[in-house]
$ cat input.cif   # mmCIF, C-alpha atoms
data_model
#
loop_
_atom_site.label_atom_id
_atom_site.label_comp_id
_atom_site.auth_asym_id
_atom_site.auth_seq_id
_atom_site.Cartn_x
_atom_site.Cartn_y
_atom_site.Cartn_z
CA MET T 1470 2.09 -10.43 -1.70
CA TYR T 1471 4.23 -8.65 0.89
CA LEU T 1472 1.11 -7.36 2.73
CA LYS T 1473 -0.44 -10.84 2.74
CA LYS T 1474 2.70 -12.39 4.32
CA LYS T 1475 2.87 -9.56 6.84
CA SER T 1476 -0.82 -10.09 7.77
CA VAL T 1477 -0.27 -13.84 8.22
CA PHE T 1478 2.83 -13.17 10.32
CA ILE T 1479 0.94 -10.69 12.54
CA GLY T 1480 -1.96 -13.16 12.82
CA VAL T 1481 0.40 -15.96 13.93
CA ILE T 1482 2.09 -13.69 16.48
CA PHE T 1483 -1.35 -12.65 17.78
CA LEU T 1484 -2.44 -16.31 18.19
CA ILE T 1485 0.77 -17.20 20.02
CA PHE T 1486 0.33 -14.19 22.33
CA CYS T 1487 -3.31 -15.11 23.04
CA SER T 1488 -2.34 -18.71 23.77
CA PHE T 1489 0.36 -17.72 26.28
CA TYR T 1490 -1.77 -14.94 27.79
CA SER T 1491 -4.77 -17.24 28.37
CA ARG T 1492 -2.51 -19.86 29.99
CA PHE T 1493 -1.00 -17.18 32.22
CA ILE T 1494 -4.44 -15.90 33.26
CA TRP T 1495 -5.68 -19.43 33.92
CA ALA T 1496 -2.59 -20.30 35.98
CA GLU T 1497 -2.89 -17.06 37.97
CA GLY T 1498 -6.56 -17.79 38.63
CA VAL T 1499 -5.71 -21.25 39.96
CA LYS T 1500 -2.83 -19.92 42.02
CA ASN T 1501 -4.92 -17.16 43.54
CA MET T 1502 -7.95 -19.32 44.29
CA THR T 1503 -9.45 -17.90 47.46
CA PHE T 1504 -9.51 -20.01 50.63
CA VAL T 1505 -12.84 -19.18 52.28
CA LEU T 1506 -14.47 -20.27 55.56
CA THR T 1507 -18.26 -19.88 55.80
CA SER T 1508 -21.17 -21.04 57.93
CA VAL T 1509 -24.89 -21.47 57.40
CA ASP T 1510 -25.24 -20.64 61.10
CA ILE T 1511 -23.13 -17.48 61.37
CA SER T 1512 -22.81 -14.66 58.87
CA HIS T 1513 -19.42 -12.96 58.71
CA ARG T 1514 -19.34 -10.18 61.32
CA GLY T 1515 -22.93 -11.06 62.28
CA GLU T 1516 -24.46 -11.99 65.63
CA ILE T 1517 -23.85 -15.60 66.72
CA PRO T 1518 -27.22 -17.25 67.34
CA HIS T 1519 -28.13 -18.07 70.94
CA THR T 1520 -28.02 -21.85 70.39
CA PHE T 1521 -24.21 -21.78 69.80
CA THR T 1522 -23.50 -19.97 73.09
CA CYS T 1523 -23.46 -20.76 76.81
CA ASP T 1524 -26.91 -19.17 77.02
CA GLY T 1525 -28.31 -21.72 74.55
CA ASN T 1526 -27.36 -25.30 73.69
CA ASP T 1527 -23.63 -24.48 73.53
CA ILE T 1528 -23.15 -26.55 70.37
CA SER T 1529 -20.62 -25.86 67.63
CA PRO T 1530 -21.92 -24.14 64.48
CA ALA T 1531 -21.72 -25.74 61.05
CA LEU T 1532 -18.57 -24.67 59.19
CA ASN T 1533 -17.53 -25.27 55.59
CA TRP T 1534 -14.65 -24.15 53.42
CA ARG T 1535 -13.56 -24.03 49.80
CA GLY T 1536 -10.50 -23.02 47.81
CA MET T 1537 -8.11 -25.05 49.95
CA PRO T 1538 -4.53 -24.84 48.60
CA GLY T 1539 -3.51 -27.89 46.57
CA LEU T 1540 -0.51 -28.77 48.74
CA THR T 1541 -2.53 -28.94 51.96
CA LYS T 1542 -1.64 -31.93 54.16
CA SER T 1543 -3.84 -31.00 57.14
CA LEU T 1544 -6.03 -28.24 58.57
CA VAL T 1545 -6.11 -26.53 61.95
CA LEU T 1546 -9.11 -24.71 63.43
CA ILE T 1547 -8.68 -22.18 66.25
CA VAL T 1548 -11.72 -20.42 67.70
CA ASP T 1549 -10.95 -17.56 70.08
CA ASP T 1550 -12.15 -14.27 71.55
CA PRO T 1551 -9.60 -11.42 71.60
CA ASP T 1552 -11.93 -9.17 73.63
CA ALA T 1553 -11.76 -10.93 77.01
CA PRO T 1554 -12.84 -10.09 79.57
CA ASP T 1555 -14.13 -6.63 78.56
CA PRO T 1556 -14.01 -5.37 74.94
CA SER T 1557 -13.32 -1.82 76.16
CA LYS T 1558 -10.26 -3.10 78.10
CA PRO T 1559 -9.23 -6.48 76.65
CA LYS T 1560 -6.59 -8.28 78.68
CA MET T 1561 -6.35 -11.64 76.92
CA THR T 1562 -7.53 -13.81 74.08
CA TRP T 1563 -9.86 -16.53 75.37
CA VAL T 1564 -9.69 -19.85 73.47
CA HIS T 1565 -12.97 -21.66 72.76
CA TRP T 1566 -11.98 -24.58 70.50
CA LEU T 1567 -8.84 -26.16 69.02
CA LEU T 1568 -8.81 -28.82 66.31
CA TYR T 1569 -5.82 -30.07 64.36
CA ASN T 1570 -4.96 -32.72 61.78
CA ILE T 1571 -8.27 -32.23 60.01
CA SER T 1572 -7.84 -34.17 56.75
CA PRO T 1573 -7.68 -32.11 53.53
CA SER T 1574 -10.42 -34.42 52.19
CA ILE T 1575 -12.81 -32.81 54.71
CA THR T 1576 -14.56 -29.60 53.60
CA GLU T 1577 -17.05 -29.13 56.43
CA LEU T 1578 -17.83 -29.69 60.07
CA SER T 1579 -21.50 -30.27 60.76
CA ARG T 1580 -23.47 -28.42 63.42
CA GLY T 1581 -22.84 -29.89 66.86
CA ILE T 1582 -19.89 -31.98 65.62
CA ALA T 1583 -17.91 -31.19 68.76
CA GLU T 1584 -20.49 -33.20 70.67
CA LYS T 1585 -20.59 -35.93 68.02
CA LYS T 1586 -17.81 -37.83 66.35
CA LEU T 1587 -15.10 -35.69 64.75
CA PRO T 1588 -13.70 -36.71 61.34
CA ILE T 1589 -11.24 -39.61 61.49
CA GLY T 1590 -7.74 -38.45 62.42
CA THR T 1591 -8.86 -35.07 63.77
CA GLN T 1592 -7.35 -34.28 67.15
CA GLN T 1593 -8.31 -31.69 69.76
CA GLY T 1594 -6.45 -29.26 71.93
CA LYS T 1595 -7.53 -27.79 75.25
CA ASN T 1596 -9.55 -24.60 75.36
CA ASP T 1597 -9.18 -22.04 78.15
CA TRP T 1598 -11.62 -24.00 80.32
CA LYS T 1599 -8.86 -26.68 80.25
CA GLN T 1600 -11.16 -29.03 78.32
CA THR T 1601 -11.22 -30.47 74.84
CA GLY T 1602 -14.23 -29.68 72.69
CA TYR T 1603 -16.20 -26.60 71.77
CA SER T 1604 -17.28 -24.10 74.41
CA GLY T 1605 -19.35 -21.31 72.93
CA PRO T 1606 -19.42 -17.57 73.54
CA CYS T 1607 -20.14 -16.58 77.13
CA PRO T 1608 -18.86 -13.01 77.51
CA PRO T 1609 -19.01 -11.54 81.03
CA ILE T 1610 -19.56 -8.00 79.72
CA GLY T 1611 -20.05 -6.23 76.39
CA LYS T 1612 -20.14 -7.36 72.78
CA HIS T 1613 -17.26 -9.71 71.93
CA ARG T 1614 -15.82 -10.87 68.61
CA TYR T 1615 -15.26 -14.57 68.01
CA PHE T 1616 -12.70 -15.57 65.38
CA PHE T 1617 -13.03 -18.95 63.66
CA LYS T 1618 -9.57 -19.29 62.06
CA LEU T 1619 -8.78 -22.10 59.63
CA TYR T 1620 -5.18 -22.81 58.63
CA ALA T 1621 -4.02 -24.98 55.69
CA LEU T 1622 -0.70 -26.66 56.55
CA ASP T 1623 1.97 -28.29 54.42
CA ILE T 1624 2.38 -31.09 57.02
CA GLU T 1625 0.34 -33.39 59.20
CA LEU T 1626 1.21 -32.68 62.82
CA PRO T 1627 2.38 -35.36 65.26
CA ASP T 1628 0.20 -36.17 68.26
CA LEU T 1629 0.57 -33.08 70.44
CA HIS T 1630 -1.34 -34.63 73.37
CA SER T 1631 -4.16 -32.06 73.78
CA PRO T 1632 -2.06 -28.92 73.27
CA ASN T 1633 -3.09 -25.45 74.35
CA LYS T 1634 -3.22 -22.65 71.77
CA THR T 1635 0.38 -21.55 72.35
CA GLU T 1636 1.68 -25.09 71.83
CA LEU T 1637 -0.45 -25.55 68.72
CA GLU T 1638 0.64 -22.22 67.21
CA LYS T 1639 4.28 -23.16 67.84
CA ALA T 1640 3.74 -26.51 66.07
CA ILE T 1641 2.18 -24.88 62.97
CA SER T 1642 4.75 -22.08 62.75
CA GLY T 1643 6.46 -22.16 59.35
CA HIS T 1644 3.93 -24.64 57.95
CA VAL T 1645 0.93 -22.41 57.19
CA ILE T 1646 0.28 -22.28 53.43
CA GLU T 1647 -2.82 -20.13 53.72
CA GLN T 1648 -5.43 -19.14 56.29
CA THR T 1649 -8.98 -17.85 56.36
CA GLU T 1650 -11.34 -16.68 59.07
CA LEU T 1651 -14.96 -16.12 59.92
CA ILE T 1652 -15.85 -13.61 62.63
CA GLY T 1653 -19.05 -13.63 64.66
CA THR T 1654 -20.14 -11.44 67.56
CA TYR T 1655 -22.11 -12.07 70.74
CA GLN T 1656 -23.37 -10.05 73.66
CA ARG T 1657 -25.38 -11.48 76.53
CA HIS T 1658 -28.75 -9.82 77.15
#

$ encode --input "input.cif" --output "structure tokens"
Amino acid sequence: MYLKKKSVFIGVIFLIFCSFYSRFIWAEGVKNMTFVLTSVDISHRGEIPHTFTCDGNDISPALNWRGMPGLTKSLVLIVDDPDAPDPSKPKMTWVHWLLYNISPSITELSRGIAEKKLPIGTQQGKNDWKQTGYSGPCPPIGKHRYFFKLYALDIELPDLHSPNKTELEKAISGHVIEQTELIGTYQRH
């Protein structure tokens, strides 16, 4: 009788442990869901196709993301080149595209969207050509890296009136929940 009670007691303890453990694992899995930025047009660390550059049609590539944090109020996209003007002697980071206040209900930007209508509420900053909109890779020398950086914020930003990258980064400081990036490369032939 004693062994039977002990077996039942151990069985109950085991079930309670399994219940708590599975909840812990599930909660950790949800908490650590990966925020990922991908593109059907650009593979991570791969060559950016000609059509998305100044040598082609200079249109923005398709971008999509998943695993956005649950508390996201808006998204920011910054596309820049840290290898300007020469990758062997970089002197600056050249900004190609700035978008902010992308709604968390949006999970993709279609190919060429910079030339079409952006999602409602999305605002643009000025790139280093002092223009809004996408301007693709156009490196003067060497093979450059292009970073497509997506930030999930815990706020929606006020109208920043076409900010530059510095102004936009200052506005998002302290509000980034999570970020992800996609890197492409390009060299003119």

$ residues_around --input "input.cif" --residues "His1658 (chain T)" --least-positions-apart "4" --cutoff "10 Å" --atoms "all atoms listed in the file" --output "MDAnalysis selection string"
chainID T and resid 1524 1610:1612

$ atom_distance --input "input.cif" --atom1 "CA of Asp1550 (chain T)" --atom2 "CA of Gly1590 (chain T)"
26.2 Å

$ closest_residue --input "input.cif" --among "T:Asp1628, T:Asp1623, T:Glu1577, T:Asp1510" --to "Gln1592 (chain T)" --atoms "all atoms listed in the file"
T:Asp1628

$ atom_distance --input "input.cif" --atom1 "CA of Pro1556 (chain T)" --atom2 "CA of Lys1599 (chain T)"
22.6 Å

$ atom_distance --input "input.cif" --atom1 "CA of Thr1591 (chain T)" --atom2 "CA of His1630 (chain T)"
12.2 Å

$ residues_around --input "input.cif" --residues "Met1537 (chain T)" --least-positions-apart "4" --cutoff "10 Å" --atoms "all atoms listed in the file" --output "MDAnalysis selection string"
chainID T and resid 1502:1506 1541 1544 1573:1574 1576 1620:1621 1646:1649

$ resolve_selection --input "input.cif" --expression "the PyMOL selection byres ((chain T and resi 1600) around 12)" --output "list in words"
Val1564, His1565, Trp1566, Leu1567, Ala1583, Gln1593, Gly1594, Lys1595, Asn1596, Asp1597, Trp1598, Lys1599, Thr1601, Gly1602, Tyr1603, Ser1604, Ser1631, Pro1632 and Asn1633 of chain T

$ closest_residue --input "input.cif" --among "T:Tyr1569, T:Thr1520, T:Arg1614, T:Gly1525" --to "Thr1654 (chain T)" --atoms "only C-alpha atoms"
T:Arg1614

$ resolve_selection --input "input.cif" --expression "the PyMOL selection byres ((chain T and resi 1515) around 8)" --output "list in words"
Ile1511, Ser1512, His1513, Arg1514, Glu1516, Ile1517, Ile1652, Gly1653 and Thr1654 of chain T

$ write_last_selection --input "input.cif" --atoms "C-alpha atoms" --output "PDB file, in the coordinates of the input"
ATOM      1  CA  ILE T1511     -23.130 -17.480  61.370  1.00  0.00           C
ATOM      2  CA  SER T1512     -22.810 -14.660  58.870  1.00  0.00           C
ATOM      3  CA  HIS T1513     -19.420 -12.960  58.710  1.00  0.00           C
ATOM      4  CA  ARG T1514     -19.340 -10.180  61.320  1.00  0.00           C
ATOM      5  CA  GLU T1516     -24.460 -11.990  65.630  1.00  0.00           C
ATOM      6  CA  ILE T1517     -23.850 -15.600  66.720  1.00  0.00           C
ATOM      7  CA  ILE T1652     -15.850 -13.610  62.630  1.00  0.00           C
ATOM      8  CA  GLY T1653     -19.050 -13.630  64.660  1.00  0.00           C
ATOM      9  CA  THR T1654     -20.140 -11.440  67.560  1.00  0.00           C
TER      10      THR T1654
END

$ closest_residue --input "input.cif" --among "T:Thr1635, T:His1519, T:Arg1580, T:Leu1622" --to "Thr1562 (chain T)" --atoms "only C-alpha atoms"
T:Thr1635

$ closest_residue --input "input.cif" --among "T:Ala1640, T:Val1645, T:Cys1607, T:Ile1575" --to "Arg1535 (chain T)" --atoms "only C-alpha atoms"
T:Ile1575

$ build_atoms --input "input.cif" --residues "region 1615-1649 of chain T" --atoms "N, CA and C atoms" --output "PDB file, in the frame of the given file"
ATOM      1  N   TYR T1615     -15.718 -13.187  67.963  1.00  0.00           N
ATOM      2  CA  TYR T1615     -15.260 -14.570  68.010  1.00  0.00           C
ATOM      3  C   TYR T1615     -14.693 -14.928  66.637  1.00  0.00           C
ATOM      4  N   PHE T1616     -13.414 -15.278  66.620  1.00  0.00           N
ATOM      5  CA  PHE T1616     -12.700 -15.570  65.380  1.00  0.00           C
ATOM      6  C   PHE T1616     -12.613 -17.084  65.190  1.00  0.00           C
ATOM      7  N   PHE T1617     -13.151 -17.558  64.070  1.00  0.00           N
ATOM      8  CA  PHE T1617     -13.030 -18.950  63.660  1.00  0.00           C
ATOM      9  C   PHE T1617     -11.927 -18.928  62.596  1.00  0.00           C
ATOM     10  N   LYS T1618     -10.731 -19.377  62.949  1.00  0.00           N
ATOM     11  CA  LYS T1618      -9.570 -19.290  62.060  1.00  0.00           C
ATOM     12  C   LYS T1618      -9.195 -20.682  61.558  1.00  0.00           C
ATOM     13  N   LEU T1619      -9.124 -20.820  60.237  1.00  0.00           N
ATOM     14  CA  LEU T1619      -8.780 -22.100  59.630  1.00  0.00           C
ATOM     15  C   LEU T1619      -7.451 -21.953  58.896  1.00  0.00           C
ATOM     16  N   TYR T1620      -6.524 -22.845  59.201  1.00  0.00           N
ATOM     17  CA  TYR T1620      -5.180 -22.810  58.630  1.00  0.00           C
ATOM     18  C   TYR T1620      -4.958 -24.054  57.774  1.00  0.00           C
ATOM     19  N   ALA T1621      -4.447 -23.867  56.558  1.00  0.00           N
ATOM     20  CA  ALA T1621      -4.020 -24.980  55.690  1.00  0.00           C
ATOM     21  C   ALA T1621      -2.523 -25.158  55.903  1.00  0.00           C
ATOM     22  N   LEU T1622      -2.114 -26.373  56.261  1.00  0.00           N
ATOM     23  CA  LEU T1622      -0.700 -26.660  56.550  1.00  0.00           C
ATOM     24  C   LEU T1622      -0.076 -27.550  55.488  1.00  0.00           C
ATOM     25  N   ASP T1623       1.243 -27.440  55.362  1.00  0.00           N
ATOM     26  CA  ASP T1623       1.970 -28.290  54.420  1.00  0.00           C
ATOM     27  C   ASP T1623       2.448 -29.594  55.063  1.00  0.00           C
ATOM     28  N   ILE T1624       2.026 -29.849  56.307  1.00  0.00           N
ATOM     29  CA  ILE T1624       2.380 -31.090  57.020  1.00  0.00           C
ATOM     30  C   ILE T1624       1.174 -31.587  57.806  1.00  0.00           C
ATOM     31  N   GLU T1625       1.253 -32.851  58.199  1.00  0.00           N
ATOM     32  CA  GLU T1625       0.340 -33.390  59.200  1.00  0.00           C
ATOM     33  C   GLU T1625       1.122 -33.337  60.506  1.00  0.00           C
ATOM     34  N   LEU T1626       0.507 -32.833  61.547  1.00  0.00           N
ATOM     35  CA  LEU T1626       1.210 -32.680  62.820  1.00  0.00           C
ATOM     36  C   LEU T1626       1.293 -34.008  63.570  1.00  0.00           C
ATOM     37  N   PRO T1627       2.338 -34.168  64.391  1.00  0.00           N
ATOM     38  CA  PRO T1627       2.380 -35.360  65.260  1.00  0.00           C
ATOM     39  C   PRO T1627       1.330 -35.211  66.351  1.00  0.00           C
ATOM     40  N   ASP T1628       1.123 -36.252  67.122  1.00  0.00           N
ATOM     41  CA  ASP T1628       0.200 -36.170  68.260  1.00  0.00           C
ATOM     42  C   ASP T1628       0.783 -35.204  69.284  1.00  0.00           C
ATOM     43  N   LEU T1629       0.088 -34.116  69.515  1.00  0.00           N
ATOM     44  CA  LEU T1629       0.570 -33.080  70.440  1.00  0.00           C
ATOM     45  C   LEU T1629      -0.016 -33.241  71.841  1.00  0.00           C
ATOM     46  N   HIS T1630      -0.795 -34.294  72.050  1.00  0.00           N
ATOM     47  CA  HIS T1630      -1.340 -34.630  73.370  1.00  0.00           C
ATOM     48  C   HIS T1630      -2.151 -33.476  73.979  1.00  0.00           C
ATOM     49  N   SER T1631      -3.233 -33.118  73.331  1.00  0.00           N
ATOM     50  CA  SER T1631      -4.160 -32.060  73.780  1.00  0.00           C
ATOM     51  C   SER T1631      -3.434 -30.745  74.076  1.00  0.00           C
ATOM     52  N   PRO T1632      -2.824 -30.151  73.058  1.00  0.00           N
ATOM     53  CA  PRO T1632      -2.060 -28.920  73.270  1.00  0.00           C
ATOM     54  C   PRO T1632      -2.972 -27.724  73.579  1.00  0.00           C
ATOM     55  N   ASN T1633      -2.380 -26.722  74.212  1.00  0.00           N
ATOM     56  CA  ASN T1633      -3.090 -25.450  74.350  1.00  0.00           C
ATOM     57  C   ASN T1633      -2.808 -24.639  73.080  1.00  0.00           C
ATOM     58  N   LYS T1634      -3.377 -23.452  72.987  1.00  0.00           N
ATOM     59  CA  LYS T1634      -3.220 -22.650  71.770  1.00  0.00           C
ATOM     60  C   LYS T1634      -1.762 -22.283  71.503  1.00  0.00           C
ATOM     61  N   THR T1635      -1.034 -21.925  72.524  1.00  0.00           N
ATOM     62  CA  THR T1635       0.380 -21.550  72.350  1.00  0.00           C
ATOM     63  C   THR T1635       1.180 -22.708  71.776  1.00  0.00           C
ATOM     64  N   GLU T1636       0.965 -23.894  72.305  1.00  0.00           N
ATOM     65  CA  GLU T1636       1.680 -25.090  71.830  1.00  0.00           C
ATOM     66  C   GLU T1636       1.286 -25.408  70.380  1.00  0.00           C
ATOM     67  N   LEU T1637       0.011 -25.270  70.074  1.00  0.00           N
ATOM     68  CA  LEU T1637      -0.450 -25.550  68.720  1.00  0.00           C
ATOM     69  C   LEU T1637       0.099 -24.527  67.724  1.00  0.00           C
ATOM     70  N   GLU T1638       0.083 -23.252  68.100  1.00  0.00           N
ATOM     71  CA  GLU T1638       0.640 -22.220  67.210  1.00  0.00           C
ATOM     72  C   GLU T1638       2.139 -22.424  66.985  1.00  0.00           C
ATOM     73  N   LYS T1639       2.845 -22.875  67.999  1.00  0.00           N
ATOM     74  CA  LYS T1639       4.280 -23.160  67.840  1.00  0.00           C
ATOM     75  C   LYS T1639       4.477 -24.313  66.860  1.00  0.00           C
ATOM     76  N   ALA T1640       3.628 -25.332  66.952  1.00  0.00           N
ATOM     77  CA  ALA T1640       3.740 -26.510  66.070  1.00  0.00           C
ATOM     78  C   ALA T1640       3.440 -26.161  64.612  1.00  0.00           C
ATOM     79  N   ILE T1641       2.528 -25.208  64.367  1.00  0.00           N
ATOM     80  CA  ILE T1641       2.180 -24.880  62.970  1.00  0.00           C
ATOM     81  C   ILE T1641       3.071 -23.788  62.383  1.00  0.00           C
ATOM     82  N   SER T1642       3.877 -23.156  63.224  1.00  0.00           N
ATOM     83  CA  SER T1642       4.750 -22.080  62.750  1.00  0.00           C
ATOM     84  C   SER T1642       5.651 -22.562  61.614  1.00  0.00           C
ATOM     85  N   GLY T1643       5.651 -21.823  60.518  1.00  0.00           N
ATOM     86  CA  GLY T1643       6.460 -22.160  59.350  1.00  0.00           C
ATOM     87  C   GLY T1643       5.804 -23.165  58.418  1.00  0.00           C
ATOM     88  N   HIS T1644       4.602 -23.629  58.764  1.00  0.00           N
ATOM     89  CA  HIS T1644       3.930 -24.640  57.950  1.00  0.00           C
ATOM     90  C   HIS T1644       2.572 -24.174  57.403  1.00  0.00           C
ATOM     91  N   VAL T1645       2.212 -22.925  57.659  1.00  0.00           N
ATOM     92  CA  VAL T1645       0.930 -22.410  57.190  1.00  0.00           C
ATOM     93  C   VAL T1645       1.056 -21.981  55.726  1.00  0.00           C
ATOM     94  N   ILE T1646       0.291 -22.634  54.851  1.00  0.00           N
ATOM     95  CA  ILE T1646       0.280 -22.280  53.430  1.00  0.00           C
ATOM     96  C   ILE T1646      -0.645 -21.085  53.226  1.00  0.00           C
ATOM     97  N   GLU T1647      -1.818 -21.182  53.861  1.00  0.00           N
ATOM     98  CA  GLU T1647      -2.820 -20.130  53.720  1.00  0.00           C
ATOM     99  C   GLU T1647      -3.767 -20.226  54.908  1.00  0.00           C
ATOM    100  N   GLN T1648      -4.444 -19.121  55.220  1.00  0.00           N
ATOM    101  CA  GLN T1648      -5.430 -19.140  56.290  1.00  0.00           C
ATOM    102  C   GLN T1648      -6.632 -18.287  55.908  1.00  0.00           C
ATOM    103  N   THR T1649      -7.746 -18.581  56.569  1.00  0.00           N
ATOM    104  CA  THR T1649      -8.980 -17.850  56.360  1.00  0.00           C
ATOM    105  C   THR T1649      -9.684 -17.726  57.697  1.00  0.00           C
TER     106      THR T1649
END
